[in-house]
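Heads up: the structure comes next, in structure tokens.
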Amino acid sequence: MLDVSGLSKTYGEGERVTHAIAELSFSVAEGEFVCVVGPSGCGKTTLLRCMAGLLAPTSGRVTLRGHVVDGPPEQIGFVFQEYSRSLMPWLSLRDNIALPLRHKALGRDERNRLVEDAVESVGLTGFMDHYPWELSGGMQQRVAIARALAYQPEILLMDEPFASVDAQTRADLEDLVLRVRTAYGVTVVFVTHDIDEAVYLGDRVVVLTPPPTAVQEVLPVGLPEPRDQVETKELPEFAHLRAHIFRSIKRKQPDAPDLPTPT
Amino acid sequence: MRGSRRGLLLIALEIAVPLAALAAWWVWSAGADSFYFPPLADILVTFADTWVFERVGSDVVPSLARLAAGFGIAVLAGVALGTALGLSETARRVAGPIVEFGRAVPPPALLPFGMLVLGVGDTMKIFVIAVVCVWPVLLNTVDGVRGVDPTMLDTARVYGITGTERLLRIVWPSALPQVFAGMRTSLSLALILMVISEMVASTEGIGYFVLESQRSFAIPEMWSGILLLGLLGYLLNAGLALVERRVLRWHRGARASALR
């Protein structure tokens with residue numbers, strides 16, 4: 001459904017050129033939940049921005065159902081890491097979620113229904129007329145997810161969405177994403193630097209190398225559904241997978257420089 | 001509890017200190033026996049005779065009308081031009097030198113030109129006020145429009161929010177705190193230019209009244225005009241601050257929550 005083929009991205013030119021992504025190919029099937037995991041600074045965000053049509057690749061291409069992505073397609077919803085900067089502080093929850101729907105050809109009732117359904121599915125009914133800054137970080141990210149869902153995307157791209165919330169909230173949000181993914185039947189590409197999170201959420205995990213970035217390996221997860229924060233994580237397969245990915249990333253990591261001995 | 005007591009004390013002081021200053025002026029001027037500093041009691045009596053409401057229609061209203069017109073034009077033009085410059089790198093580079101020159105011209109220097117071209121009527125005064133007040137609004141709008149968070153602009157792109165919708169729902173609201181900062185500066189300038197333009201060329205207005213009183217040695221009248229101008233400036237600023245508080249309620253809320 002969504003194919004990344006031979007994608008590369010370099011910044012700058014001449015002497016000062018940096019290869020953010022060397023060459024990268026993988027594909028995402030309809031309805032699949034794909035996690036992209038890699039060491040920090042490996043161009044995960046760059047990759048996702050290319051997939052969303054926010055950034056033009058230097059070479060290679062991203063295709064959505066055979067059409068080359070050269071600008072943000074209407075079938076894609078995006079959840080940014082910085083929820084506080086992607087929600088509009090001057091709009092209430094209702095208006096934030098409805099904002100992307102204004103230019104869609106929808107009746108007023110239809111639009112209200114989409115907004116209300118999305119808010120209900122992220123458990124924020126009753127906060128419709130609040131402003132984002134009146135809510136906690138985890139709740140704000142739920143608003144961003146609701147906004148993406150109400151937009152009715154076929155594909156949801158998520159860029160380290162839970163990197164800046166606390167552990168408990170994070171577990172709740174992970175389960176929330178799994179629930180709405182089923183409810184809305186949406187395909188998800190989820191970028192994270194957290195190996196546990198990638199294994200817990202994904203149907204497949206794409207492991208990236210350090211820069212210049214390429215695909216290290218693609219692993220099918222195959223853990224039983226529905227996932228459960230306690231039961232899934234105590235399965236031996238879960239432990240195997242996370243250990244495998246951990247070694248896989250570690251092996252490719254350049255050797256850490258010797259630490260200076262304390263005097 | 002301590003906090004609220006401290007708050008009450010501060011409010012009490014805020015009211016008491018100006019009153020104390022007035023009382024000191026009253027006592028000192030009563031015994032000063034100076035031609036230039038008549039007793040405050042005399043000034044206040046003159047103030048009541050002159051401005052309540054004897055000269056409101058003939059001087060205060062025309063002054064304030066010119067101020068409002070000049071300030072209004074400046075805000076509209078400043079926001080419009082500022083938005084255009086803020087959105088376009090090319091426009092910014094091309095217009096840069098003109099903007100830097102325009103804002104650097106000392107405001108009263110425009111008066112002779114204004115009188116030459118537009119005469120000594122309302123048009124000249126409104127023109128001068130507008131030309132001077134446009135710069136703070138314009139420059140702040142440029143900064144505000146340029147400073148829209150890149151993540152917000154990405155959000156707009158991803159969700160297909162473009163054109164007018166993007167301007168009205170994202171760019172302008174985001175720039176509004178800066179625009180208000182510019183408007184505050186401009187409002188003070190507008191009051192200054194209102195007075196100066198009336199002192200240079202006018203037959204009515206508060207500035208004209210103050211100068212005429214001085215020329216005819218009506219010192220209490222002169223002081224009453226100065227007091228009125230101070231009072232008007234205070235009220236205008238307070239009014240704008242009130243509007244800002246309502247319009248930018250989200251901004252204070254968001255900033256407070258970011259510090260939490």
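Residue numbering restarts at 1 in every chain; chains get A, B, ... in the order shown in the structure tokens, and ligands count up from 1 in that same order.
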Check every residue of chain A for an atom within 8 Å of chain B, counting only C-alpha atoms, and provide those that qualify as number ranges by chain.
-> A: 52, 54, 72-74, 76-78, 80, 82, 85-90, 100, 103, 131, 133-134, 151
May I have the residues within 8 Å of segment 84-98 of chain B as number ranges by chain, using only C-alpha atoms and disregarding those fewer than 5 positions away in the same chain?
-> B: 141-146
Any chance you can output those residues with N, CA and C atoms as an mmCIF file, in the first residue's frame?
data_model
loop_
_atom_site.group_PDB
_atom_site.id
_atom_site.type_symbol
_atom_site.label_atom_id
_atom_site.label_comp_id
_atom_site.auth_asym_id
_atom_site.auth_seq_id
_atom_site.Cartn_x
_atom_site.Cartn_y
_atom_site.Cartn_z
ATOM 1 N N THR B 141 4.317 42.699 13.472
ATOM 2 C CA THR B 141 3.560 41.721 12.698
ATOM 3 C C THR B 141 4.512 40.844 11.882
ATOM 4 N N VAL B 142 5.524 41.467 11.273
ATOM 5 C CA VAL B 142 6.512 40.682 10.510
ATOM 6 C C VAL B 142 7.132 39.619 11.417
ATOM 7 N N ASP B 143 7.577 40.029 12.602
ATOM 8 C CA ASP B 143 8.180 39.077 13.543
ATOM 9 C C ASP B 143 7.197 37.974 13.928
ATOM 10 N N GLY B 144 5.973 38.387 14.210
ATOM 11 C CA GLY B 144 4.960 37.423 14.633
ATOM 12 C C GLY B 144 4.664 36.404 13.548
ATOM 13 N N VAL B 145 4.519 36.891 12.326
ATOM 14 C CA VAL B 145 4.192 35.994 11.206
ATOM 15 C C VAL B 145 5.369 35.059 10.911
ATOM 16 N N ARG B 146 6.578 35.596 11.008
ATOM 17 C CA ARG B 146 7.750 34.750 10.758
ATOM 18 C C ARG B 146 7.948 33.732 11.872
#
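Counting only C-alpha atoms, the residue from B:Phe209, B:Phe53, B:Phe101, B:Trp28 that sits nearest to Gly225 of chain B is B:Phe209.
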Residue set, segment 29-238 of chain A restricted to strand (DSSP E or B), as a ChimeraX atom specification | /A:33-37,59-64,67-68,76-79,155-159,187-192,204-208,213-220
Output of the above residues as an mmCIF file, in the first residue's frame, restricted to C-alpha atoms:
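Okay, out03.cif is ready:
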data_model
loop_
_atom_site.group_PDB
_atom_site.id
_atom_site.type_symbol
_atom_site.label_atom_id
_atom_site.label_comp_id
_atom_site.auth_asym_id
_atom_site.auth_seq_id
_atom_site.Cartn_x
_atom_site.Cartn_y
_atom_site.Cartn_z
ATOM 1 C CA PHE A 33 1.002 -1.810 12.095
ATOM 2 C CA VAL A 34 4.675 -1.210 11.271
ATOM 3 C CA CYS A 35 7.097 0.095 13.862
ATOM 4 C CA VAL A 36 10.320 1.767 12.757
ATOM 5 C CA VAL A 37 13.012 1.605 15.394
ATOM 6 C CA SER A 59 16.548 10.302 -4.565
ATOM 7 C CA GLY A 60 14.202 7.358 -4.568
ATOM 8 C CA ARG A 61 10.511 7.724 -3.899
ATOM 9 C CA VAL A 62 7.547 7.028 -1.710
ATOM 10 C CA THR A 63 4.425 5.696 -3.383
ATOM 11 C CA LEU A 64 0.940 5.409 -1.945
ATOM 12 C CA HIS A 67 0.943 7.186 -6.811
ATOM 13 C CA VAL A 68 4.185 9.021 -6.062
ATOM 14 C CA ILE A 76 -2.437 10.413 5.594
ATOM 15 C CA GLY A 77 -2.845 11.581 9.173
ATOM 16 C CA PHE A 78 0.181 12.603 11.212
ATOM 17 C CA VAL A 79 0.822 12.675 14.953
ATOM 18 C CA ILE A 155 -2.623 5.672 7.070
ATOM 19 C CA LEU A 156 -1.591 7.130 10.387
ATOM 20 C CA LEU A 157 2.046 8.217 10.689
ATOM 21 C CA MET A 158 3.249 8.667 14.260
ATOM 22 C CA ASP A 159 6.575 10.311 15.059
ATOM 23 C CA THR A 187 -2.770 1.364 8.749
ATOM 24 C CA VAL A 188 -0.117 2.649 11.162
ATOM 25 C CA VAL A 189 3.563 3.515 10.754
ATOM 26 C CA PHE A 190 4.965 4.215 14.200
ATOM 27 C CA VAL A 191 8.464 5.605 14.694
ATOM 28 C CA THR A 192 10.121 5.116 18.086
ATOM 29 C CA ARG A 204 6.389 -5.933 11.980
ATOM 30 C CA VAL A 205 9.428 -3.998 13.160
ATOM 31 C CA VAL A 206 11.755 -2.246 10.710
ATOM 32 C CA VAL A 207 15.176 -1.887 12.343
ATOM 33 C CA LEU A 208 17.342 0.934 11.025
ATOM 34 C CA THR A 213 20.798 5.063 7.534
ATOM 35 C CA ALA A 214 19.666 1.880 5.832
ATOM 36 C CA VAL A 215 17.347 -0.952 6.797
ATOM 37 C CA GLN A 216 19.187 -3.365 9.077
ATOM 38 C CA GLU A 217 16.420 -5.925 9.099
ATOM 39 C CA VAL A 218 12.662 -6.332 9.059
ATOM 40 C CA LEU A 219 11.211 -8.612 11.732
ATOM 41 C CA PRO A 220 7.726 -10.078 11.866
#
Any chance you could list, as a VMD selection string, the residues in segment 78-197 of chain B that come up alpha helix (DSSP H) when DSSP is run on the backbone?
-> chain B and resid 78 to 87 89 to 104 110 to 118 122 to 146 150 to 158 163 to 166 172 to 197
Find the spatial neighbours of Thr232 of chain A, counting only C-alpha atoms, within a cut-off of 8 Å - ignore same-chain residues fewer than 6 positions away - and output them as an NGL selection string.
-> :A and (200 or 223-224 or 238)
In Å, how far is it from atom CA of Cys133 of chain B to atom CA of Leu176 of chain B?
->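 Distance between the two atoms: 17.1 Å.
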Selection near Glu237 of chain A, 9 Å with only C-alpha atoms, sequence-local residues under 3 positions removed, as a PDB file with N, CA and C atoms, in the first residue's frame:
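As a result, result39.pdb now contains:
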ATOM      1  N   VAL A 221       6.607  -9.763  14.007  1.00  0.00           N
ATOM      2  CA  VAL A 221       6.516  -9.892  15.461  1.00  0.00           C
ATOM      3  C   VAL A 221       5.744 -11.142  15.866  1.00  0.00           C
ATOM      4  N   GLY A 222       4.538 -11.299  15.358  1.00  0.00           N
ATOM      5  CA  GLY A 222       3.773 -12.521  15.581  1.00  0.00           C
ATOM      6  C   GLY A 222       3.437 -12.853  17.018  1.00  0.00           C
ATOM      7  N   LEU A 223       3.366 -11.865  17.884  1.00  0.00           N
ATOM      8  CA  LEU A 223       2.899 -12.113  19.247  1.00  0.00           C
ATOM      9  C   LEU A 223       1.373 -12.196  19.227  1.00  0.00           C
ATOM     10  N   THR A 232       1.699  -9.921  27.555  1.00  0.00           N
ATOM     11  CA  THR A 232       2.523  -9.943  26.345  1.00  0.00           C
ATOM     12  C   THR A 232       3.997  -9.769  26.700  1.00  0.00           C
ATOM     13  N   LYS A 233       4.234  -8.877  27.657  1.00  0.00           N
ATOM     14  CA  LYS A 233       5.630  -8.545  27.949  1.00  0.00           C
ATOM     15  C   LYS A 233       6.336  -9.624  28.766  1.00  0.00           C
ATOM     16  N   GLU A 234       5.574 -10.611  29.328  1.00  0.00           N
ATOM     17  CA  GLU A 234       6.286 -11.683  30.024  1.00  0.00           C
ATOM     18  C   GLU A 234       6.450 -12.929  29.151  1.00  0.00           C
ATOM     19  N   HIS A 240      12.821 -12.511  23.568  1.00  0.00           N
ATOM     20  CA  HIS A 240      13.723 -12.873  22.469  1.00  0.00           C
ATOM     21  C   HIS A 240      13.817 -11.757  21.443  1.00  0.00           C
ATOM     22  N   LEU A 241      12.632 -11.274  21.046  1.00  0.00           N
ATOM     23  CA  LEU A 241      12.585 -10.246  20.005  1.00  0.00           C
ATOM     24  C   LEU A 241      13.314  -8.984  20.449  1.00  0.00           C
ATOM     25  N   ARG A 242      13.025  -8.547  21.675  1.00  0.00           N
ATOM     26  CA  ARG A 242      13.651  -7.291  22.099  1.00  0.00           C
ATOM     27  C   ARG A 242      15.156  -7.456  22.246  1.00  0.00           C
TER      28      ARG A 242
END
What's the 12 Å shell around Thr182 of chain A, counting only C-alpha atoms, without same-chain residues fewer than 3 positions away, as a PyMOL selection string?
-> chain A and resi 31-33+121+149+175-179+185-188+225-226
